[in-house]
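Student: Below is the file work.tsv, which contains TSV, C-alpha atoms.
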chain	number	residue	atom	x	y	z
A	1	MET	CA	-17.94	-9.64	-8.67
A	2	SER	CA	-15.72	-12.54	-7.77
A	3	THR	CA	-17.40	-14.42	-4.94
A	4	ALA	CA	-15.84	-17.89	-5.18
A	5	VAL	CA	-12.72	-16.92	-3.23
A	6	ALA	CA	-12.79	-17.00	0.58
A	7	ARG	CA	-12.16	-13.54	1.96
A	8	VAL	CA	-10.04	-14.56	4.95
A	9	SER	CA	-7.56	-17.40	5.43
A	10	ILE	CA	-5.59	-17.92	8.64
A	11	GLY	CA	-3.16	-20.82	8.93
A	12	PRO	CA	0.45	-21.98	8.87
A	13	ALA	CA	0.66	-22.53	5.11
A	14	ASP	CA	2.61	-20.17	2.86
A	15	PHE	CA	0.76	-18.41	0.02
A	16	ASP	CA	1.45	-17.79	-3.67
A	17	VAL	CA	0.87	-14.08	-4.30
A	18	GLY	CA	0.46	-14.50	-8.05
A	19	ALA	CA	-2.10	-17.27	-7.68
A	20	GLU	CA	-3.96	-15.31	-4.99
A	21	LEU	CA	-4.22	-12.20	-7.14
A	22	ALA	CA	-5.28	-14.20	-10.20
A	23	ALA	CA	-8.02	-15.92	-8.20
A	24	LEU	CA	-9.23	-12.65	-6.65
A	25	ARG	CA	-9.91	-11.01	-10.02
A	26	ALA	CA	-10.87	-14.14	-11.99
A	27	GLY	CA	-14.20	-13.74	-13.76
A	28	ASP	CA	-14.54	-10.01	-13.02
A	29	ALA	CA	-13.88	-7.98	-16.17
A	30	GLY	CA	-14.81	-4.82	-14.26
A	31	VAL	CA	-11.49	-4.95	-12.42
A	32	GLY	CA	-8.97	-2.41	-13.66
A	33	ALA	CA	-6.69	-2.34	-10.64
A	34	VAL	CA	-5.27	-4.90	-8.24
A	35	CYS	CA	-3.36	-3.65	-5.20
A	36	ALA	CA	-1.53	-6.01	-2.84
A	37	PHE	CA	0.53	-5.62	0.32
A	38	VAL	CA	2.80	-8.43	1.51
A	39	GLY	CA	4.34	-8.30	4.98
A	40	THR	CA	7.49	-10.38	5.54
A	41	VAL	CA	9.74	-11.37	8.45
A	42	ARG	CA	12.81	-9.15	8.95
A	43	ASP	CA	16.04	-10.46	10.41
A	44	ARG	CA	16.37	-7.49	12.77
A	45	ASN	CA	14.00	-5.60	15.05
A	46	ASP	CA	14.79	-2.78	17.49
A	47	GLY	CA	18.50	-3.36	16.98
A	48	ALA	CA	18.45	-7.08	17.85
A	49	SER	CA	18.83	-9.96	15.42
A	50	VAL	CA	15.78	-12.13	14.83
A	51	ALA	CA	16.26	-15.85	14.16
A	52	SER	CA	12.56	-16.72	14.03
A	53	LEU	CA	9.11	-15.34	14.68
A	54	GLU	CA	6.25	-17.21	16.38
A	55	LEU	CA	2.75	-15.95	15.59
A	56	GLU	CA	-0.15	-16.68	17.92
A	57	HIS	CA	-3.78	-15.71	17.35
A	58	TYR	CA	-7.26	-15.96	18.88
A	59	PRO	CA	-8.99	-18.60	16.73
A	60	GLY	CA	-12.47	-17.55	15.72
A	61	MET	CA	-12.03	-13.93	16.77
A	62	THR	CA	-9.28	-13.38	14.23
A	63	GLU	CA	-11.38	-14.52	11.29
A	64	ALA	CA	-14.48	-12.63	12.48
A	65	SER	CA	-12.58	-9.41	13.09
A	66	ILE	CA	-10.96	-9.44	9.65
A	67	GLU	CA	-14.30	-10.26	7.98
A	68	ALA	CA	-15.69	-7.16	9.71
A	69	MET	CA	-12.74	-5.08	8.47
A	70	ILE	CA	-13.38	-6.21	4.90
A	71	ASP	CA	-17.06	-5.30	5.28
A	72	ALA	CA	-15.96	-1.85	6.47
A	73	ALA	CA	-13.60	-1.49	3.48
A	74	LEU	CA	-16.34	-2.49	1.03
A	75	GLN	CA	-18.60	0.19	2.54
A	76	ARG	CA	-15.99	2.90	2.65
A	77	PHE	CA	-14.28	2.43	-0.71
A	78	ASP	CA	-15.42	1.73	-4.25
A	79	ILE	CA	-13.74	-1.66	-4.47
A	80	ARG	CA	-14.84	-4.93	-6.02
A	81	ALA	CA	-13.23	-7.59	-3.82
A	82	ALA	CA	-10.72	-7.97	-1.00
A	83	ARG	CA	-8.83	-10.84	0.53
A	84	VAL	CA	-6.59	-11.26	3.58
A	85	VAL	CA	-4.24	-14.19	4.17
A	86	HIS	CA	-2.33	-14.28	7.47
A	87	ARG	CA	0.07	-16.97	8.60
A	88	ILE	CA	0.49	-18.31	12.15
A	89	GLY	CA	3.11	-20.51	13.79
A	90	LEU	CA	6.88	-20.43	13.40
A	91	LEU	CA	8.28	-18.26	10.60
A	92	ALA	CA	11.88	-17.63	9.53
A	93	PRO	CA	13.34	-14.33	8.26
A	94	GLU	CA	12.24	-13.55	4.69
A	95	ALA	CA	9.08	-15.63	5.11
A	96	GLN	CA	5.77	-14.12	4.05
A	97	ILE	CA	3.47	-13.23	6.96
A	98	VAL	CA	0.46	-11.45	5.54
A	99	LEU	CA	-1.22	-10.66	2.23
A	100	VAL	CA	-3.84	-7.96	1.81
A	101	ALA	CA	-5.20	-7.74	-1.74
A	102	VAL	CA	-7.91	-5.49	-3.17
A	103	THR	CA	-9.45	-5.13	-6.62
A	104	SER	CA	-11.23	-2.07	-8.00
A	105	ALA	CA	-12.04	-0.36	-11.29
A	106	HIS	CA	-9.31	2.29	-10.83
A	107	ARG	CA	-6.13	2.33	-8.78
A	108	GLY	CA	-6.96	5.02	-6.22
A	109	GLN	CA	-9.60	3.12	-4.32
A	110	ALA	CA	-7.59	-0.13	-4.39
A	111	PHE	CA	-4.49	1.61	-2.97
A	112	GLN	CA	-6.52	3.28	-0.22
A	113	ALA	CA	-8.54	0.21	0.73
A	114	CYS	CA	-5.39	-1.91	0.89
A	115	GLU	CA	-3.73	0.54	3.28
A	116	PHE	CA	-6.94	0.90	5.32
A	117	LEU	CA	-7.20	-2.86	5.74
A	118	MET	CA	-3.56	-3.18	6.74
A	119	ASP	CA	-3.79	-0.30	9.25
A	120	TYR	CA	-6.93	-1.86	10.70
A	121	LEU	CA	-5.43	-5.34	10.89
A	122	LYS	CA	-2.25	-4.15	12.64
A	123	THR	CA	-4.18	-2.71	15.58
A	124	GLN	CA	-7.44	-4.72	15.77
A	125	ALA	CA	-6.82	-8.30	14.62
A	126	PRO	CA	-5.82	-10.54	17.55
A	127	PHE	CA	-2.36	-11.71	16.52
A	128	TRP	CA	0.77	-11.62	18.67
A	129	LYS	CA	4.38	-11.96	17.56
A	130	LYS	CA	7.14	-13.48	19.65
A	131	GLU	CA	10.70	-13.08	18.42
A	132	GLU	CA	13.52	-15.52	19.05
A	133	GLY	CA	16.93	-13.98	18.57
A	134	SER	CA	20.37	-13.15	19.89
A	135	THR	CA	18.93	-11.62	23.05
A	136	GLY	CA	16.52	-14.51	23.77
A	137	ALA	CA	12.77	-14.69	23.22
A	138	ARG	CA	10.58	-11.63	23.59
A	139	TRP	CA	7.03	-10.58	22.78
A	140	VAL	CA	6.99	-7.79	20.21
A	141	ASP	CA	5.69	-4.46	21.54
A	142	ALA	CA	2.78	-2.76	19.80
A	143	ARG	CA	3.78	0.49	18.08
A	144	PHE	CA	2.13	3.83	18.70
A	145	ALA	CA	2.80	4.60	15.03
A	146	ASP	CA	0.32	1.88	14.09
A	147	ASP	CA	-2.39	3.51	16.21
A	148	GLU	CA	-1.59	6.84	14.52
A	149	ALA	CA	-1.91	5.18	11.10
A	150	LEU	CA	-5.46	4.03	11.86
A	151	LYS	CA	-6.33	7.50	13.19
A	152	ARG	CA	-5.87	8.88	9.66
A	153	TRP	CA	-9.03	6.95	8.74
A	154	GLY	CA	-10.92	8.50	11.65
A	155	ILE	CA	-10.75	5.34	13.77
A	156	ASP	CA	-9.40	5.27	17.32
A	157	ALA	CA	-7.23	2.15	17.55
A	158	GLY	CA	-6.83	2.00	21.33
A	159	ASN	CA	-4.10	-0.60	20.96
A	160	ALA	CA	-0.58	0.58	21.81
A	161	GLY	CA	-2.19	3.87	22.79
A	162	VAL	CA	-4.13	2.41	25.70
A	163	PRO	CA	-3.03	4.36	28.78
A	164	VAL	CA	-1.65	2.35	31.68
A	165	GLY	CA	-4.44	1.65	34.13
A	166	GLY	CA	-7.00	3.04	31.70
A	167	PRO	CA	-9.72	1.26	29.78
A	168	VAL	CA	-8.68	-1.96	28.11
B	1	MET	CA	-22.69	-16.49	36.68
B	2	LYS	CA	-20.20	-18.63	34.78
B	3	ILE	CA	-17.67	-16.86	32.56
B	4	ASP	CA	-15.15	-18.52	30.26
B	5	VAL	CA	-11.90	-16.57	30.49
B	6	ARG	CA	-9.33	-16.96	27.73
B	7	TYR	CA	-5.72	-15.77	27.83
B	8	PHE	CA	-3.32	-15.12	24.97
B	9	ALA	CA	0.34	-14.35	24.33
B	10	SER	CA	2.27	-13.26	27.45
B	11	VAL	CA	-0.85	-13.60	29.62
B	12	ARG	CA	-1.33	-17.19	28.39
B	13	GLU	CA	2.31	-17.98	29.19
B	14	ALA	CA	1.73	-16.84	32.77
B	15	LEU	CA	-1.77	-18.23	33.44
B	16	GLY	CA	-2.48	-20.94	30.86
B	17	VAL	CA	-5.01	-20.89	28.03
B	18	GLY	CA	-7.95	-20.00	30.25
B	19	GLU	CA	-10.31	-20.94	33.04
B	20	ARG	CA	-13.98	-20.96	33.92
B	21	VAL	CA	-14.73	-18.53	36.72
B	22	GLU	CA	-17.75	-17.50	38.76
B	23	ALA	CA	-18.47	-13.78	38.44
B	24	ALA	CA	-20.85	-11.72	40.55
B	25	GLU	CA	-24.19	-10.81	38.96
B	26	GLY	CA	-24.14	-7.36	37.45
B	27	SER	CA	-20.37	-7.24	37.11
B	28	ASP	CA	-18.50	-5.94	34.10
B	29	VAL	CA	-15.15	-6.73	32.47
B	30	ALA	CA	-13.33	-4.40	34.89
B	31	ALA	CA	-14.83	-6.21	37.90
B	32	LEU	CA	-13.83	-9.56	36.43
B	33	ARG	CA	-10.26	-8.38	35.92
B	34	ASP	CA	-10.14	-6.95	39.45
B	35	ALA	CA	-11.46	-10.22	40.91
B	36	LEU	CA	-8.77	-12.18	39.07
B	37	VAL	CA	-6.05	-9.75	40.19
B	38	ALA	CA	-7.31	-10.06	43.78
B	39	ARG	CA	-6.25	-13.72	43.77
B	40	GLY	CA	-2.70	-12.41	43.89
B	41	GLY	CA	0.35	-14.35	42.69
B	42	LEU	CA	0.62	-14.94	38.96
B	43	HIS	CA	-2.83	-13.47	38.32
B	44	ALA	CA	-1.88	-10.21	39.98
B	45	ASP	CA	1.33	-10.06	37.93
B	46	ALA	CA	-0.25	-10.93	34.56
B	47	LEU	CA	-3.50	-8.93	34.83
B	48	GLY	CA	-2.48	-6.13	37.21
B	49	ARG	CA	-3.38	-2.52	36.48
B	50	GLY	CA	0.23	-1.74	35.70
B	51	ARG	CA	-0.10	-3.77	32.52
B	52	VAL	CA	-1.62	-2.52	29.30
B	53	LEU	CA	-4.14	-5.18	28.30
B	54	ARG	CA	-7.03	-5.38	25.91
B	55	ALA	CA	-10.16	-7.44	26.30
B	56	ALA	CA	-12.72	-9.08	24.07
B	57	ARG	CA	-16.28	-10.16	24.90
B	58	ASN	CA	-17.47	-13.10	22.83
B	59	ARG	CA	-14.62	-12.52	20.38
B	60	THR	CA	-15.24	-8.82	19.78
B	61	MET	CA	-12.91	-6.14	21.18
B	62	CYS	CA	-14.54	-4.43	24.16
B	63	ASP	CA	-13.77	-1.93	26.89
B	64	GLU	CA	-13.83	-2.64	30.59
B	65	ALA	CA	-17.23	-1.05	31.14
B	66	THR	CA	-18.82	-3.85	29.10
B	67	PRO	CA	-21.35	-5.78	31.25
B	68	LEU	CA	-21.00	-9.54	31.58
B	69	ARG	CA	-23.69	-12.09	30.81
B	70	GLU	CA	-23.93	-15.74	31.88
B	71	GLY	CA	-21.78	-17.90	29.59
B	72	ASP	CA	-19.74	-15.04	28.12
B	73	GLU	CA	-16.28	-15.74	26.75
B	74	ILE	CA	-13.93	-12.98	27.88
B	75	GLY	CA	-10.43	-12.78	26.45
B	76	PHE	CA	-7.56	-10.86	28.09
B	77	PHE	CA	-4.43	-10.18	26.08
B	78	PRO	CA	-1.66	-7.64	25.40
B	79	PRO	CA	-1.94	-5.07	22.57
B	80	VAL	CA	-2.02	-6.90	19.24
B	81	THR	CA	1.04	-7.11	17.00
B	82	GLY	CA	0.06	-8.94	13.81
B	83	GLY	CA	0.60	-7.99	10.20
Kindly return the structure encoded in the file as structure tokens.

Tutor:
Amino acid sequence: MSTAVARVSIGPADFDVGAELAALRAGDAGVGAVCAFVGTVRDRNDGASVASLELEHYPGMTEASIEAMIDAALQRFDIRAARVVHRIGLLAPEAQIVLVAVTSAHRGQAFQACEFLMDYLKTQAPFWKKEEGSTGARWVDARFADDEALKRWGIDAGNAGVPVGGPV
Amino acid sequence: MKIDVRYFASVREALGVGERVEAAEGSDVAALRDALVARGGLHADALGRGRVLRAARNRTMCDEATPLREGDEIGFFPPVTGG
């Protein structure tokens, strides 16, 4: 297995998807499938134009929580390696935000683990987006649909779905 | 006991990055939140029960029934929106 590559990188720098995928599978001839998801900044959200996106996170907790998600993916799926890159700071429309990449022997497990990691990250990694646009600046609301996505894996997200006045 | 409270996103904008507070022995995350809300003003607005917030104890997501220990770092923040 490829162990030279860090599993989690959080920072302002952009990433090169091709180079990331090459590094993730380098030296592992048992890899037959590489699956990657790239999230990017849209120029519209909820009907309003978006000029820029500011991403804040909880340093230390972010890295630890994503490491734990990758551990969970390695236990749950027959995959060989996984990597998550997530940017922070000010991002313009079309910019890359996040990369989740997984290698496995066959495609099925790589596809599933990639989606699992992304569903997990959306609702459990401590990032927050603030949009600047035509209607001013606003914090992006968490989506119930993201909680529902994690539920498919048998995990209660408790993010957007937290009832008002209920447990945090 | 001393607790390091950290705030993020909209809560940070209202209250700053954090503060060290004195919490009663035997209290949990809910009691800490209630004590902060009881100060009134900006704290009551940002941490009040009308707001959906999540919490973390020592950088792991937790629920409000989680007991506090001396020196804990407790984060309060809105639902996460990364990815």

Student: Could you state the separation of atom CA of Glu54 of chain A and atom CA of Trp128 of chain A in Å, given to one decimal place?

Tutor: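 So the answer is 8.2 Å.
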
Student: Residues of chain B were defined as contacting chain A if any atom lay at most 10 Å from it, counting all atoms listed in the file; please report them as a ChimeraX atom specification.

Tutor: /B:6-10,29-30,48-65,75-83

Student: I'd like the neighbourhood of Glu22 of chain B as a list in words, where a residue qualifies if any of its atoms comes within 9 Å (using all atoms listed in the file), though same-chain residues fewer than 6 positions away should be ignored.

Tutor: Met1, Lys2, Ile3 and Asp4 of chain B

Student: Within 8 Å of Cys114 of chain A, counting only C-alpha atoms, which residues show up once you throw out same-chain ones fewer than 3 positions away? Write them as a PDB file with C-alpha atoms, in the coordinates of the input, please.

Tutor:
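This went into selection-v3.pdb:
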ATOM      1  CA  CYS A  35      -3.360  -3.650  -5.200  1.00  0.00           C
ATOM      2  CA  ALA A  36      -1.530  -6.010  -2.840  1.00  0.00           C
ATOM      3  CA  PHE A  37       0.530  -5.620   0.320  1.00  0.00           C
ATOM      4  CA  VAL A 100      -3.840  -7.960   1.810  1.00  0.00           C
ATOM      5  CA  ALA A 101      -5.200  -7.740  -1.740  1.00  0.00           C
ATOM      6  CA  VAL A 102      -7.910  -5.490  -3.170  1.00  0.00           C
ATOM      7  CA  ALA A 110      -7.590  -0.130  -4.390  1.00  0.00           C
ATOM      8  CA  PHE A 111      -4.490   1.610  -2.970  1.00  0.00           C
ATOM      9  CA  LEU A 117      -7.200  -2.860   5.740  1.00  0.00           C
ATOM     10  CA  MET A 118      -3.560  -3.180   6.740  1.00  0.00           C
TER      11      MET A 118
END

Student: Just want the 10 Å neighbourhood of segment 78-82 of chain A, counted on only C-alpha atoms, with same-chain residues fewer than 2 positions away dropped. Output as JSON, numbers by chain.

Tutor: {"A": [1, 2, 3, 5, 6, 7, 8, 21, 24, 25, 28, 30, 31, 32, 33, 34, 35, 36, 67, 70, 71, 73, 74, 75, 76, 84, 100, 101, 102, 103, 104, 105, 106, 107, 108, 109, 110, 111, 112, 113, 114, 117]}

Student: Take the residues from that selection and put them in a file with C-alpha atoms, as an mmCIF file, in the frame of the given file.

Tutor:
data_model
loop_
_atom_site.group_PDB
_atom_site.id
_atom_site.type_symbol
_atom_site.label_atom_id
_atom_site.label_comp_id
_atom_site.auth_asym_id
_atom_site.auth_seq_id
_atom_site.Cartn_x
_atom_site.Cartn_y
_atom_site.Cartn_z
ATOM 1 C CA MET A 1 -17.940 -9.640 -8.670
ATOM 2 C CA SER A 2 -15.720 -12.540 -7.770
ATOM 3 C CA THR A 3 -17.400 -14.420 -4.940
ATOM 4 C CA VAL A 5 -12.720 -16.920 -3.230
ATOM 5 C CA ALA A 6 -12.790 -17.000 0.580
ATOM 6 C CA ARG A 7 -12.160 -13.540 1.960
ATOM 7 C CA VAL A 8 -10.040 -14.560 4.950
ATOM 8 C CA LEU A 21 -4.220 -12.200 -7.140
ATOM 9 C CA LEU A 24 -9.230 -12.650 -6.650
ATOM 10 C CA ARG A 25 -9.910 -11.010 -10.020
ATOM 11 C CA ASP A 28 -14.540 -10.010 -13.020
ATOM 12 C CA GLY A 30 -14.810 -4.820 -14.260
ATOM 13 C CA VAL A 31 -11.490 -4.950 -12.420
ATOM 14 C CA GLY A 32 -8.970 -2.410 -13.660
ATOM 15 C CA ALA A 33 -6.690 -2.340 -10.640
ATOM 16 C CA VAL A 34 -5.270 -4.900 -8.240
ATOM 17 C CA CYS A 35 -3.360 -3.650 -5.200
ATOM 18 C CA ALA A 36 -1.530 -6.010 -2.840
ATOM 19 C CA GLU A 67 -14.300 -10.260 7.980
ATOM 20 C CA ILE A 70 -13.380 -6.210 4.900
ATOM 21 C CA ASP A 71 -17.060 -5.300 5.280
ATOM 22 C CA ALA A 73 -13.600 -1.490 3.480
ATOM 23 C CA LEU A 74 -16.340 -2.490 1.030
ATOM 24 C CA GLN A 75 -18.600 0.190 2.540
ATOM 25 C CA ARG A 76 -15.990 2.900 2.650
ATOM 26 C CA VAL A 84 -6.590 -11.260 3.580
ATOM 27 C CA VAL A 100 -3.840 -7.960 1.810
ATOM 28 C CA ALA A 101 -5.200 -7.740 -1.740
ATOM 29 C CA VAL A 102 -7.910 -5.490 -3.170
ATOM 30 C CA THR A 103 -9.450 -5.130 -6.620
ATOM 31 C CA SER A 104 -11.230 -2.070 -8.000
ATOM 32 C CA ALA A 105 -12.040 -0.360 -11.290
ATOM 33 C CA HIS A 106 -9.310 2.290 -10.830
ATOM 34 C CA ARG A 107 -6.130 2.330 -8.780
ATOM 35 C CA GLY A 108 -6.960 5.020 -6.220
ATOM 36 C CA GLN A 109 -9.600 3.120 -4.320
ATOM 37 C CA ALA A 110 -7.590 -0.130 -4.390
ATOM 38 C CA PHE A 111 -4.490 1.610 -2.970
ATOM 39 C CA GLN A 112 -6.520 3.280 -0.220
ATOM 40 C CA ALA A 113 -8.540 0.210 0.730
ATOM 41 C CA CYS A 114 -5.390 -1.910 0.890
ATOM 42 C CA LEU A 117 -7.200 -2.860 5.740
#

Student: Taking (-20.5, -9.8, 30.2) in the file's coordinates as the center, which residues reach within 9 Å of it, counting only C-alpha atoms, put as a ChimeraX atom specification?

Tutor: /B:3,26-29,57-58,66-74

Student: Between atom CA of Asp46 of chain A and atom CA of Ile155 of chain A, what distance in Å does the model show, to one decimal?

Tutor: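 Interatomic distance, atom CA of Asp46 of chain A to atom CA of Ile155 of chain A: 27.1 Å.
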
Student: Around the point (15.3, -13.3, 16.1) in the file's coordinates, collect all residues with an atom within 12 Å, using only C-alpha atoms, and return them as a compact mmCIF listing (two decimals) with C-alpha atoms, keeping the file's coordinate frame.

Tutor:
# COMPACT_ATOMS: atom_id res chain seq x y z
CA VAL A 41 9.74 -11.37 8.45
CA ARG A 42 12.81 -9.15 8.95
CA ASP A 43 16.04 -10.46 10.41
CA ARG A 44 16.37 -7.49 12.77
CA ASN A 45 14.00 -5.60 15.05
CA ASP A 46 14.79 -2.78 17.49
CA GLY A 47 18.50 -3.36 16.98
CA ALA A 48 18.45 -7.08 17.85
CA SER A 49 18.83 -9.96 15.42
CA VAL A 50 15.78 -12.13 14.83
CA ALA A 51 16.26 -15.85 14.16
CA SER A 52 12.56 -16.72 14.03
CA LEU A 53 9.11 -15.34 14.68
CA GLU A 54 6.25 -17.21 16.38
CA LEU A 90 6.88 -20.43 13.40
CA LEU A 91 8.28 -18.26 10.60
CA ALA A 92 11.88 -17.63 9.53
CA PRO A 93 13.34 -14.33 8.26
CA GLU A 94 12.24 -13.55 4.69
CA LYS A 129 4.38 -11.96 17.56
CA LYS A 130 7.14 -13.48 19.65
CA GLU A 131 10.70 -13.08 18.42
CA GLU A 132 13.52 -15.52 19.05
CA GLY A 133 16.93 -13.98 18.57
CA SER A 134 20.37 -13.15 19.89
CA THR A 135 18.93 -11.62 23.05
CA GLY A 136 16.52 -14.51 23.77
CA ALA A 137 12.77 -14.69 23.22
CA ARG A 138 10.58 -11.63 23.59
CA TRP A 139 7.03 -10.58 22.78
CA VAL A 140 6.99 -7.79 20.21
